[in-house]
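S.K.: Next up, target34.cif (mmCIF, C-alpha atoms).
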```cif
data_upload
#
loop_
_atom_site.group_PDB
_atom_site.id
_atom_site.type_symbol
_atom_site.label_atom_id
_atom_site.label_comp_id
_atom_site.auth_asym_id
_atom_site.auth_seq_id
_atom_site.Cartn_x
_atom_site.Cartn_y
_atom_site.Cartn_z
ATOM 1 C CA MET A 1 -24.174 23.768 -4.462
ATOM 2 C CA LEU A 2 -21.388 21.931 -2.661
ATOM 3 C CA ARG A 3 -22.217 18.631 -1.046
ATOM 4 C CA HIS A 4 -20.269 17.339 1.911
ATOM 5 C CA MET A 5 -20.142 13.764 3.080
ATOM 6 C CA ARG A 6 -18.981 12.451 6.432
ATOM 7 C CA THR A 7 -16.600 9.534 6.282
ATOM 8 C CA THR A 8 -14.200 7.662 8.509
ATOM 9 C CA VAL A 9 -10.533 7.593 7.607
ATOM 10 C CA ARG A 10 -8.024 5.504 9.530
ATOM 11 C CA LEU A 11 -4.655 7.207 9.866
ATOM 12 C CA ASP A 12 -1.461 6.287 11.605
ATOM 13 C CA ASP A 13 -1.443 7.985 15.041
ATOM 14 C CA ARG A 14 1.836 9.805 14.359
ATOM 15 C CA LEU A 15 0.631 11.066 10.980
ATOM 16 C CA LEU A 16 -2.643 12.256 12.491
ATOM 17 C CA GLU A 17 -0.816 14.134 15.245
ATOM 18 C CA ARG A 18 1.490 15.792 12.699
ATOM 19 C CA ALA A 19 -1.520 16.749 10.565
ATOM 20 C CA ARG A 20 -3.345 18.263 13.547
ATOM 21 C CA LYS A 21 -0.286 20.324 14.488
ATOM 22 C CA GLU A 22 0.157 21.491 10.893
ATOM 23 C CA ALA A 23 -3.511 22.453 10.633
ATOM 24 C CA ALA A 24 -3.241 24.434 13.880
ATOM 25 C CA ARG A 25 -0.041 26.121 12.678
ATOM 26 C CA ARG A 26 -1.844 27.211 9.511
ATOM 27 C CA GLY A 27 -4.980 28.240 11.362
ATOM 28 C CA ALA A 28 -6.936 25.678 9.366
ATOM 29 C CA THR A 29 -9.105 22.707 10.175
ATOM 30 C CA LEU A 30 -7.887 19.141 9.876
ATOM 31 C CA THR A 31 -10.600 18.563 7.269
ATOM 32 C CA SER A 32 -9.352 21.433 5.091
ATOM 33 C CA LEU A 33 -5.770 20.161 5.353
ATOM 34 C CA ILE A 34 -6.840 16.664 4.259
ATOM 35 C CA GLU A 35 -8.916 18.111 1.404
ATOM 36 C CA GLU A 36 -5.980 20.226 0.209
ATOM 37 C CA GLY A 37 -3.653 17.220 0.294
ATOM 38 C CA LEU A 38 -6.092 15.082 -1.680
ATOM 39 C CA GLN A 39 -6.578 17.840 -4.250
ATOM 40 C CA LEU A 40 -2.808 18.126 -4.723
ATOM 41 C CA ILE A 41 -2.408 14.390 -5.236
ATOM 42 C CA LEU A 42 -5.376 14.088 -7.587
ATOM 43 C CA ARG A 43 -4.155 16.991 -9.755
ATOM 44 C CA ARG A 44 -0.765 15.398 -10.237
ATOM 45 C CA PRO A 45 -0.632 12.934 -13.137
ATOM 46 C CA LEU A 46 0.441 9.412 -12.309
ATOM 47 C CA ARG A 47 3.969 8.923 -13.601
ATOM 48 C CA GLN A 48 4.925 5.829 -15.468
ATOM 49 C CA SER A 49 8.015 4.173 -14.110
ATOM 50 C CA ASP A 50 11.279 5.029 -15.829
ATOM 51 C CA ARG A 51 12.221 1.359 -15.670
ATOM 52 C CA GLN A 52 12.027 -0.788 -18.745
ATOM 53 C CA HIS A 53 9.750 -3.809 -18.832
ATOM 54 C CA VAL A 54 11.635 -6.978 -17.970
ATOM 55 C CA SER A 55 10.540 -10.437 -19.052
ATOM 56 C CA LEU A 56 11.561 -13.128 -16.618
ATOM 57 C CA PRO A 57 12.560 -16.511 -18.022
ATOM 58 C CA GLU A 58 10.264 -19.458 -17.415
ATOM 59 C CA CYS A 59 11.576 -22.864 -16.510
ATOM 60 C CA GLN A 60 10.563 -25.388 -19.168
ATOM 61 C CA ALA A 61 11.988 -28.409 -17.317
ATOM 62 C CA GLY A 62 8.667 -29.378 -15.767
ATOM 63 C CA GLY A 63 8.387 -30.755 -12.295
ATOM 64 C CA GLY A 64 6.709 -28.347 -9.922
ATOM 65 C CA THR A 65 6.518 -28.359 -6.180
ATOM 66 C CA GLN A 66 7.312 -31.281 -3.939
ATOM 67 C CA PRO A 67 4.349 -33.503 -2.999
ATOM 68 C CA GLY A 68 2.394 -31.981 -0.133
ATOM 69 C CA VAL A 69 3.634 -28.436 -0.723
ATOM 70 C CA ASP A 70 0.803 -25.924 -0.893
ATOM 71 C CA LEU A 71 2.115 -22.517 -1.989
ATOM 72 C CA ASP A 72 -1.117 -20.915 -0.770
ATOM 73 C CA ASP A 73 -0.432 -22.036 2.832
ATOM 74 C CA SER A 74 2.588 -20.012 3.957
ATOM 75 C CA ALA A 75 2.582 -21.401 7.500
ATOM 76 C CA ALA A 76 2.710 -25.014 6.279
ATOM 77 C CA LEU A 77 5.362 -24.067 3.723
ATOM 78 C CA LEU A 78 7.547 -22.561 6.471
ATOM 79 C CA ASP A 79 7.033 -25.695 8.598
ATOM 80 C CA GLN A 80 8.194 -27.910 5.711
ATOM 81 C CA MET A 81 11.220 -25.700 5.086
ATOM 82 C CA GLU A 82 12.192 -25.935 8.776
ATOM 83 C CA GLU A 83 11.856 -29.748 8.722
ATOM 84 C CA ARG A 84 14.359 -30.037 5.853
ATOM 85 C CA ARG A 85 17.189 -28.242 7.693
#
```
Would you put the structure from the file into structure tokens?
M.R.:
Amino acid sequence: MLRHMRTTVRLDDRLLERARKEAARRGATLTSLIEEGLQLILRRPLRQSDRQHVSLPECQAGGGTQPGVDLDDSAALLDQMEERR
């Protein structure tokens, strides 16, 4: 027995419009088009990147950020960078 679940999916307006047109062109429902796309993606194995792992050098000089610099506060960081120009 197949079970179906209702859900909400947020899509870009342009993508949704393209999907609706494609579903109509195929004589299919939007739901069936989305299901088919998901099935295709989930069947495909996730490829590992062809790039080699790169180790970045770490600075051993010590130091750190300037006093008052909070790297977690991007707005304040941008303000401090502007002040130093």
S.K.: Quick one: pull the distance between atom CA of Asp13 of chain A and atom CA of Arg25 of chain A, Å, one decimal.
M.R.: 18.3 Å
S.K.: Work out how far atom CA of Arg6 of chain A is from atom CA of Leu33 of chain A, in Å to one decimal.
M.R.: 15.3 Å
S.K.: What's the separation between atom CA of Glu35 of chain A and atom CA of Arg47 of chain A, in Å to one decimal place?
M.R.: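 That distance, rounded to one decimal, is 21.8 Å.
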S.K.: As JSON, please report the centre and edge lengths, rounded to one decimal in Å, of the axis-aligned box that holds all listed atoms of segment 25-31 of chain A with 5 Å of padding on each of the six sides.
M.R.:
```
{"center_x": -5.3, "center_y": 23.4, "center_z": 10.0, "size_x": 20.6, "size_y": 19.7, "size_z": 15.4}
```
S.K.: Which is closer to Met81 of chain A than all the others in A:Gln48, A:Ser32, A:Gln66, A:Ser55, using all atoms listed in the file?
M.R.: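 Closest to Met81 of chain A of all the choices is A:Gln66.
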S.K.: Need the shell around Leu16 of chain A: protein/DNA/RNA residues with any atom at most 12 Å away, counting only C-alpha atoms. Skip same-chain ones fewer than 6 positions apart. Format as a list in words?
M.R.: Val9, Arg10, Glu22, Ala23, Leu30, Thr31, Leu33 and Ile34 of chain A
S.K.: Take the residues that were just selected and, keeping C-alpha atoms, output them as an mmCIF file, in the coordinates of the input.
M.R.:
```cif
data_model
loop_
_atom_site.group_PDB
_atom_site.id
_atom_site.type_symbol
_atom_site.label_atom_id
_atom_site.label_comp_id
_atom_site.auth_asym_id
_atom_site.auth_seq_id
_atom_site.Cartn_x
_atom_site.Cartn_y
_atom_site.Cartn_z
ATOM 1 C CA VAL A 9 -10.533 7.593 7.607
ATOM 2 C CA ARG A 10 -8.024 5.504 9.530
ATOM 3 C CA GLU A 22 0.157 21.491 10.893
ATOM 4 C CA ALA A 23 -3.511 22.453 10.633
ATOM 5 C CA LEU A 30 -7.887 19.141 9.876
ATOM 6 C CA THR A 31 -10.600 18.563 7.269
ATOM 7 C CA LEU A 33 -5.770 20.161 5.353
ATOM 8 C CA ILE A 34 -6.840 16.664 4.259
#
```
S.K.: As a list in words, please: the residues near segment 67-71 of chain A (cut-off 10 Å, all atoms listed in the file, same-chain neighbours under 5 positions excluded).
M.R.: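 Those residues are Ala76, Leu77, Gln80 and Met81 of chain A.
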